[in-house]
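File shown: model_25.cif. Contents: mmCIF, C-alpha atoms.
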```cif
data_query
#
loop_
_atom_site.label_atom_id
_atom_site.label_comp_id
_atom_site.auth_asym_id
_atom_site.auth_seq_id
_atom_site.Cartn_x
_atom_site.Cartn_y
_atom_site.Cartn_z
CA MET W 1 0.00 0.00 0.00
CA LEU W 2 0.95 3.60 -0.59
CA HIS W 3 0.24 6.03 2.25
CA THR W 4 0.31 9.75 1.48
CA VAL W 5 0.61 12.34 4.26
CA ASN W 6 -0.18 15.98 3.45
CA LYS W 7 0.04 17.72 6.84
CA SER W 8 3.01 18.97 8.82
CA SER W 9 3.72 16.90 11.92
CA PHE W 10 3.93 20.20 13.84
CA GLU W 11 0.32 20.95 12.96
CA ARG W 12 -1.50 17.60 12.89
CA ASN W 13 -1.01 14.00 13.96
CA SER W 14 -1.59 12.66 10.43
CA LEU W 15 1.94 11.28 10.13
CA GLN W 16 1.86 9.61 13.54
CA SER W 17 -1.52 8.02 12.84
CA CYS W 18 -0.20 6.77 9.54
CA LEU W 19 2.92 5.28 11.13
CA ASN W 20 0.81 3.64 13.86
CA THR W 21 -1.30 1.84 11.32
CA ILE W 22 0.84 0.82 8.34
CA ASP W 23 2.04 -2.71 7.72
CA ASP W 24 5.54 -3.98 6.99
CA THR W 25 5.31 -3.65 3.22
CA SER W 26 3.75 -0.19 2.95
CA VAL W 27 5.57 2.94 1.86
CA VAL W 28 4.98 6.58 2.85
CA LEU W 29 4.95 9.52 0.46
CA LEU W 30 5.07 13.02 1.97
CA ILE W 31 3.24 15.62 -0.13
CA GLU W 32 2.08 19.24 0.24
CA ASP W 33 2.70 20.39 3.87
CA GLY W 34 3.56 16.76 4.67
CA VAL W 35 7.06 17.37 3.29
CA ILE W 36 7.80 19.36 6.46
CA CYS W 37 7.90 15.97 8.21
CA ALA W 38 10.92 15.19 6.02
CA ALA W 39 13.00 18.03 7.47
CA ASN W 40 15.71 16.94 9.89
CA ASN W 41 14.35 18.67 12.98
CA ALA W 42 10.79 17.43 12.36
CA ASN W 43 11.85 13.85 11.89
CA SER W 44 10.45 11.22 14.27
CA SER W 45 12.49 8.12 15.05
CA MET W 46 9.74 5.95 13.60
CA LEU W 47 9.94 7.83 10.30
CA ALA W 48 13.73 7.66 10.36
CA ASP W 49 13.59 3.87 10.85
CA LEU W 50 11.22 3.56 7.91
CA ALA W 51 13.42 5.84 5.80
CA ALA W 52 16.43 3.67 6.60
CA GLN W 53 14.49 0.80 4.99
CA GLY W 54 13.98 2.92 1.87
CA ARG W 55 10.25 3.22 2.45
CA VAL W 56 9.85 7.02 2.75
CA PHE W 57 9.47 9.39 -0.20
CA ALA W 58 8.85 13.13 -0.48
CA LEU W 59 7.53 15.08 -3.44
CA GLN W 60 10.36 17.20 -4.84
CA GLY W 61 8.17 20.11 -5.99
CA ASP W 62 6.64 20.52 -2.54
CA VAL W 63 10.05 20.29 -0.85
CA ASP W 64 11.51 22.93 -3.17
CA ALA W 65 8.49 25.22 -2.82
CA ARG W 66 9.06 25.32 0.92
CA GLY W 67 12.82 25.90 0.64
CA ILE W 68 13.78 22.84 2.68
CA SER W 69 15.59 20.74 0.08
CA SER W 70 18.89 21.05 2.02
CA LYS W 71 17.19 19.93 5.24
CA VAL W 72 15.58 16.71 4.04
CA ALA W 73 16.64 13.86 6.32
CA ASP W 74 18.97 11.13 5.09
CA ASN W 75 17.38 8.18 3.31
CA ILE W 76 14.21 10.05 2.39
CA LYS W 77 13.91 9.71 -1.37
CA LEU W 78 12.74 12.63 -3.46
CA VAL W 79 10.35 11.91 -6.33
CA ASP W 80 8.70 14.05 -9.00
CA TYR W 81 5.11 13.66 -10.17
CA ALA W 82 6.08 10.83 -12.54
CA GLY W 83 7.67 9.11 -9.54
CA PHE W 84 4.44 9.64 -7.60
CA VAL W 85 2.57 7.85 -10.40
CA ASP W 86 5.12 5.01 -10.34
CA LEU W 87 4.55 4.58 -6.59
CA VAL W 88 0.79 4.41 -7.12
CA VAL W 89 1.22 1.78 -9.83
CA GLU W 90 3.69 -0.26 -7.81
CA HIS W 91 1.92 -0.20 -4.46
CA GLY W 92 -1.75 -0.35 -5.46
CA THR W 93 -4.34 0.91 -3.04
CA ALA W 94 -3.52 4.38 -1.75
CA VAL W 95 -4.51 5.76 1.64
CA SER W 96 -4.54 9.50 2.29
CA TRP W 97 -3.71 10.75 5.76
CA LEU W 98 -5.22 14.23 5.84
CA MET A 1 -22.80 -7.11 -13.63
CA MET A 2 -21.03 -4.62 -11.44
CA SER A 3 -18.11 -6.02 -9.51
CA THR A 4 -17.93 -5.66 -5.75
CA LYS A 5 -14.98 -3.93 -4.17
CA LYS A 6 -13.90 -3.60 -0.60
CA PHE A 7 -14.37 0.02 0.52
CA MET A 8 -12.87 1.33 3.74
CA TYR A 9 -13.93 4.68 5.18
CA LEU A 10 -11.29 6.05 7.50
CA ASN A 11 -12.77 8.47 10.05
CA ARG A 12 -10.29 10.53 12.05
CA ARG A 13 -12.21 13.62 13.18
CA ALA A 14 -14.69 14.39 15.92
CA PRO A 15 -18.27 15.19 14.85
CA TYR A 16 -19.80 18.72 14.72
CA GLY A 17 -16.57 20.78 14.82
CA THR A 18 -16.05 20.09 11.13
CA VAL A 19 -18.33 18.60 8.51
CA TYR A 20 -16.06 15.57 7.84
CA ALA A 21 -17.96 13.07 10.00
CA LEU A 22 -21.35 13.90 8.50
CA GLU A 23 -19.97 13.90 4.95
CA SER A 24 -18.36 10.51 5.55
CA LEU A 25 -21.65 9.06 6.73
CA GLU A 26 -23.43 10.41 3.63
CA VAL A 27 -20.88 8.82 1.30
CA VAL A 28 -20.97 5.53 3.24
CA LEU A 29 -24.73 5.33 2.66
CA ILE A 30 -24.23 6.04 -1.05
CA ALA A 31 -21.69 3.21 -1.38
CA ALA A 32 -24.06 0.90 0.46
CA ALA A 33 -26.76 1.67 -2.11
CA PHE A 34 -24.37 0.31 -4.77
CA GLU A 35 -24.01 -2.92 -2.79
CA GLN A 36 -20.29 -2.69 -2.17
CA ASP A 37 -18.40 -4.37 0.66
CA VAL A 38 -18.20 -1.43 3.04
CA SER A 39 -16.33 -1.14 6.30
CA LEU A 40 -15.61 1.82 8.55
CA ALA A 41 -12.67 2.57 10.80
CA PHE A 42 -12.73 5.08 13.63
CA ILE A 43 -9.35 6.27 14.81
CA ASP A 44 -7.98 9.34 16.60
CA ASP A 45 -10.81 11.80 17.40
CA GLY A 46 -12.97 9.84 14.96
CA VAL A 47 -13.90 7.54 17.85
CA TYR A 48 -16.09 10.37 19.20
CA GLN A 49 -18.39 9.93 16.20
CA ILE A 50 -19.94 6.82 17.71
CA VAL A 51 -19.85 7.70 21.40
CA GLU A 52 -23.21 7.13 23.09
CA GLY A 53 -25.24 10.02 24.49
CA GLN A 54 -24.55 12.80 21.98
CA ASN A 55 -26.91 15.75 22.52
CA THR A 56 -26.75 18.69 20.10
CA ASP A 57 -29.66 20.72 21.54
CA GLY A 58 -27.30 23.44 22.67
CA ILE A 59 -25.47 24.00 19.39
CA GLY A 60 -28.31 24.12 16.88
CA MET A 61 -26.92 21.27 14.77
CA LYS A 62 -28.57 18.04 13.72
CA ASN A 63 -27.62 15.10 15.93
CA PHE A 64 -26.69 12.65 13.20
CA SER A 65 -25.38 10.00 15.59
CA LYS A 66 -28.73 8.19 15.33
CA THR A 67 -27.98 7.55 11.65
CA TYR A 68 -25.20 5.11 12.58
CA HIS A 69 -27.94 2.81 13.92
CA ALA A 70 -29.31 2.56 10.36
CA LEU A 71 -26.05 1.20 8.93
CA GLY A 72 -26.93 -2.37 9.90
CA ASP A 73 -30.03 -2.21 7.68
CA TYR A 74 -27.76 -1.37 4.75
CA ASP A 75 -25.58 -4.43 5.41
CA ILE A 76 -22.82 -2.28 6.83
CA ASN A 77 -21.72 -4.23 9.85
CA GLN A 78 -17.94 -3.91 9.94
CA LEU A 79 -17.19 -0.94 12.17
CA TYR A 80 -13.63 -1.05 13.51
CA VAL A 81 -12.57 1.17 16.40
CA SER A 82 -8.96 1.73 17.38
CA ALA A 83 -8.34 0.43 20.90
CA GLU A 84 -5.35 2.75 21.26
CA SER A 85 -7.37 5.82 20.25
CA LEU A 86 -10.11 4.93 22.75
CA GLU A 87 -7.61 4.43 25.53
CA GLU A 88 -5.78 7.71 24.84
CA ARG A 89 -9.10 9.50 25.33
CA GLY A 90 -10.14 7.65 28.49
CA LEU A 91 -12.89 5.85 26.61
CA SER A 92 -13.79 2.18 26.40
CA ALA A 93 -16.08 0.00 24.29
CA ASP A 94 -18.81 0.62 26.90
CA ASP A 95 -18.88 4.32 25.98
CA LEU A 96 -19.81 3.54 22.36
CA MET A 97 -23.28 3.24 20.86
CA PRO A 98 -24.49 -0.40 20.83
CA LEU A 99 -24.70 -0.62 17.03
CA VAL A 100 -26.08 -3.91 15.74
CA TYR A 101 -27.17 -5.70 12.58
CA GLU A 102 -29.40 -8.66 11.88
CA ASP A 103 -27.49 -11.65 10.50
CA GLU A 104 -29.52 -13.14 7.66
CA ASP A 105 -27.39 -16.30 7.74
CA ASP A 106 -28.20 -16.87 11.39
CA ASP A 107 -32.01 -16.53 11.54
CA TRP A 108 -31.72 -12.72 11.69
CA ALA A 109 -30.05 -12.83 15.06
CA GLU A 110 -29.01 -9.39 16.29
CA LYS A 111 -25.23 -9.06 16.44
CA PRO A 112 -22.85 -6.22 17.29
CA SER A 113 -21.36 -4.25 14.37
CA VAL A 114 -18.67 -2.51 16.38
CA LYS A 115 -15.37 -4.23 16.92
CA VAL A 116 -12.55 -2.69 18.95
CA VAL A 117 -9.23 -3.60 17.33
CA SER A 118 -5.56 -2.87 17.90
CA ASN A 119 -3.57 -0.73 15.46
CA ALA A 120 -1.86 -3.93 14.29
CA GLU A 121 -5.20 -5.55 13.47
CA LEU A 122 -6.35 -2.35 11.78
CA SER A 123 -3.20 -2.39 9.68
CA LYS A 124 -4.09 -5.86 8.41
CA ILE A 125 -7.70 -4.87 7.67
CA LEU A 126 -6.50 -1.79 5.76
CA SER A 127 -4.16 -3.87 3.64
CA GLU A 128 -7.09 -6.01 2.46
CA GLN A 129 -9.05 -3.07 0.98
CA ASP A 130 -9.47 -2.14 -2.67
CA VAL A 131 -10.33 1.49 -1.94
CA CYS A 132 -9.68 3.67 1.11
CA LEU A 133 -11.48 6.98 1.56
CA SER A 134 -10.23 9.32 4.28
CA PHE A 135 -12.35 11.81 6.19
#
```

Could I get this file's structure written as structure tokens?
Amino acid sequence: MLHTVNKSSFERNSLQSCLNTIDDTSVVLLIEDGVICAANNANSSMLADLAAQGRVFALQGDVDARGISSKVADNIKLVDYAGFVDLVVEHGTAVSWL
Amino acid sequence: MMSTKKFMYLNRRAPYGTVYALESLEVVLIAAAFEQDVSLAFIDDGVYQIVEGQNTDGIGMKNFSKTYHALGDYDINQLYVSAESLEERGLSADDLMPLVYEDEDDDWAEKPSVKVVSNAELSKILSEQDVCLSF
């Protein structure tokens, strides 16, 4: 499954709820304000663990728009819209954490 | 013939403060009319949607909590509630509305629709869905 998160972890618990509920094969894609979760100082240990397994992605355009491309935590992979589509195709059912 | 898919409605917000809970319920009833395999999950503040004893007299809004009792008649009888979310809020299964359905395969016996599940169980249920709609 593909889980998208579109809220900052400073504003909402969307990311935490997502991480509490996903299974071992799911991946997380941070979009819109969700990319703020990818910044070093916003990073939870749970997200870092998942990123270390190569299972966390962030949408490049949203990262760039917010000026945080130099602050994205290690192991979080940046994707463009085509990459977003690839993730949807590869992982099937998508769940939005709003 | 239309194929049946598994639809999960993910409810994460308390009722009344925003329109999400009511909108979710409306869409759930629409999906039921199309005879899909519908289940609902209540997590985070979403658990407040099915707490017993809601009274909206003082806020001038429709108390739509009674509508959840109708879900059983639409063959919607898979309502999953996060145990962790309940516990965080000092709630238990006893605080929830006693929602039931009549099991046609068991002489229309009345059975509970609400099931309190752990996040791990919820994770498994989510992974079995064809479509997830978040509210």

Given the file above and the PyMOL selection byres ((chain A) within 7 of (chain W)), which residues are selected, and can you give them as a ChimeraX atom specification?
/A:119-120,122-124,127,130-132,134

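Distances from A:Gln129, A:Tyr48, A:Thr4, A:Leu71 to A:Val27 were compared using only C-alpha atoms, and the smallest one belongs to A:Leu71.
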
What is the distance, in Å and to one decimal place, between atom CA of A:Met2 and atom CA of A:Asp73?
21.3 Å

Using all atoms listed in the file, the shortest atom-to-atom distance to W:Ala51 among W:Val28, W:Ile36, W:Val63, W:Ile76 belongs to W:Ile76

Find the distance between atom CA of W:Ser8 and atom CA of A:Leu133 and write it in Å to one decimal.
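Between these atoms lies a distance of 20.2 Å.
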
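Going from atom CA of A:Ile43 over to atom CA of A:Ser85, you cover 5.8 Å.
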
For the PyMOL selection byres ((chain A and resi 65) around 8), applied here, can you spell out every residue it catches as a PyMOL selection string?
chain A and resi 49-50+54+63-64+66-69

For a quick check of understanding, using all atoms listed in the file, which of W:Ser9, W:Gln16, W:Gln60, W:Ser69 has the smallest distance to W:Asp33?
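With all atoms listed in the file as the atom set, the closest residue is W:Ser9.
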
Around all of stretch 112-127 of chain A's listed atoms, make the axis-aligned box with 5 Å on each side and tell me centre and edge lengths in Å to one decimal, as lines of an AutoDock Vina configuration file.
```
center_x = -12.4
center_y = -3.5
center_z = 11.3
size_x = 31.0
size_y = 15.5
size_z = 25.3
```

For stretch 28-40 of chain A, please output as a ChimeraX atom specification all residues within 6 Å (counting only C-alpha atoms; exclusion window: fewer than 5 positions along the same chain).
/A:4-9,78-79

Give me the residues within 12 Å of A:Tyr101 as a list in words, counting all atoms listed in the file and dropping any in the same chain fewer than 5 places off.
Tyr68, His69, Ala70, Leu71, Gly72, Asp73, Tyr74, Asp75, Ile76, Asn77, Gln78, Leu79, Asp106, Asp107, Trp108, Ala109, Glu110, Lys111, Pro112, Ser113 and Val114 of chain A

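Nearest residue to A:Met61, choosing from A:Val117, A:Thr18, A:Tyr80, A:Gly46 and counting all atoms listed in the file: A:Thr18.
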
Evaluate the PyMOL selection byres ((chain W and resi 30) around 6) on the structure here and hand back the selected residues as a ChimeraX atom specification.
/W:4-5,29,31,34-35,58

Please complete stretch 63-96 of chain A so it has N, CA and C atoms, and hand it over as a tab-separated table (two decimals), in the frame of the given file.
```tsv
chain	number	residue	atom	x	y	z
A	63	ASN	N	-28.32	16.23	15.30
A	63	ASN	CA	-27.62	15.10	15.93
A	63	ASN	C	-27.70	13.91	14.98
A	64	PHE	N	-26.63	13.72	14.20
A	64	PHE	CA	-26.69	12.65	13.20
A	64	PHE	C	-26.20	11.30	13.75
A	65	SER	N	-25.91	11.25	15.04
A	65	SER	CA	-25.38	10.00	15.59
A	65	SER	C	-26.40	8.86	15.46
A	66	LYS	N	-27.70	9.23	15.45
A	66	LYS	CA	-28.73	8.19	15.33
A	66	LYS	C	-28.61	7.45	13.99
A	67	THR	N	-28.07	8.15	12.99
A	67	THR	CA	-27.98	7.55	11.65
A	67	THR	C	-27.09	6.31	11.64
A	68	TYR	N	-26.10	6.28	12.55
A	68	TYR	CA	-25.20	5.11	12.58
A	68	TYR	C	-25.98	3.82	12.89
A	69	HIS	N	-27.12	3.99	13.61
A	69	HIS	CA	-27.94	2.81	13.92
A	69	HIS	C	-28.57	2.22	12.66
A	70	ALA	N	-28.69	3.04	11.60
A	70	ALA	CA	-29.31	2.56	10.36
A	70	ALA	C	-28.34	1.74	9.50
A	71	LEU	N	-27.04	1.86	9.79
A	71	LEU	CA	-26.05	1.20	8.93
A	71	LEU	C	-26.28	-0.30	8.81
A	72	GLY	N	-26.69	-0.93	9.90
A	72	GLY	CA	-26.93	-2.37	9.90
A	72	GLY	C	-27.96	-2.76	8.86
A	73	ASP	N	-28.97	-1.91	8.66
A	73	ASP	CA	-30.03	-2.21	7.68
A	73	ASP	C	-29.51	-2.11	6.26
A	74	TYR	N	-28.38	-1.45	6.07
A	74	TYR	CA	-27.76	-1.37	4.75
A	74	TYR	C	-26.63	-2.39	4.59
A	75	ASP	N	-26.63	-3.40	5.43
A	75	ASP	CA	-25.58	-4.43	5.41
A	75	ASP	C	-24.19	-3.88	5.67
A	76	ILE	N	-24.13	-2.79	6.41
A	76	ILE	CA	-22.82	-2.28	6.83
A	76	ILE	C	-22.64	-2.67	8.29
A	77	ASN	N	-21.83	-3.69	8.49
A	77	ASN	CA	-21.72	-4.23	9.85
A	77	ASN	C	-20.27	-4.46	10.26
A	78	GLN	N	-19.36	-3.79	9.57
A	78	GLN	CA	-17.94	-3.91	9.94
A	78	GLN	C	-17.45	-2.53	10.36
A	79	LEU	N	-17.64	-2.22	11.64
A	79	LEU	CA	-17.19	-0.94	12.17
A	79	LEU	C	-16.02	-1.20	13.13
A	80	TYR	N	-14.83	-0.79	12.71
A	80	TYR	CA	-13.63	-1.05	13.51
A	80	TYR	C	-13.21	0.20	14.27
A	81	VAL	N	-12.96	0.03	15.56
A	81	VAL	CA	-12.57	1.17	16.40
A	81	VAL	C	-11.19	0.90	16.97
A	82	SER	N	-10.32	1.88	16.87
A	82	SER	CA	-8.96	1.73	17.38
A	82	SER	C	-8.94	1.68	18.91
A	83	ALA	N	-8.44	0.58	19.44
A	83	ALA	CA	-8.34	0.43	20.90
A	83	ALA	C	-7.41	1.49	21.48
A	84	GLU	N	-6.30	1.77	20.77
A	84	GLU	CA	-5.35	2.75	21.26
A	84	GLU	C	-5.98	4.15	21.32
A	85	SER	N	-6.75	4.49	20.28
A	85	SER	CA	-7.37	5.82	20.25
A	85	SER	C	-8.40	5.96	21.37
A	86	LEU	N	-9.15	4.90	21.63
A	86	LEU	CA	-10.11	4.93	22.75
A	86	LEU	C	-9.37	5.17	24.06
A	87	GLU	N	-8.32	4.37	24.25
A	87	GLU	CA	-7.61	4.43	25.53
A	87	GLU	C	-6.98	5.80	25.77
A	88	GLU	N	-6.39	6.38	24.72
A	88	GLU	CA	-5.78	7.71	24.84
A	88	GLU	C	-6.78	8.75	25.32
A	89	ARG	N	-8.05	8.53	24.99
A	89	ARG	CA	-9.10	9.50	25.33
A	89	ARG	C	-9.88	9.11	26.57
A	90	GLY	N	-9.44	8.09	27.28
A	90	GLY	CA	-10.14	7.65	28.49
A	90	GLY	C	-11.48	7.01	28.20
A	91	LEU	N	-11.63	6.48	27.00
A	91	LEU	CA	-12.89	5.85	26.61
A	91	LEU	C	-12.71	4.34	26.55
A	92	SER	N	-13.84	3.62	26.60
A	92	SER	CA	-13.79	2.18	26.40
A	92	SER	C	-14.95	1.77	25.51
A	93	ALA	N	-15.01	0.49	25.17
A	93	ALA	CA	-16.08	0.00	24.29
A	93	ALA	C	-17.46	0.29	24.90
A	94	ASP	N	-17.52	0.36	26.24
A	94	ASP	CA	-18.81	0.62	26.90
A	94	ASP	C	-19.33	2.02	26.65
A	95	ASP	N	-18.45	2.94	26.24
A	95	ASP	CA	-18.88	4.32	25.98
A	95	ASP	C	-19.45	4.48	24.57
A	96	LEU	N	-19.37	3.43	23.76
A	96	LEU	CA	-19.81	3.54	22.36
A	96	LEU	C	-21.27	3.11	22.20
```
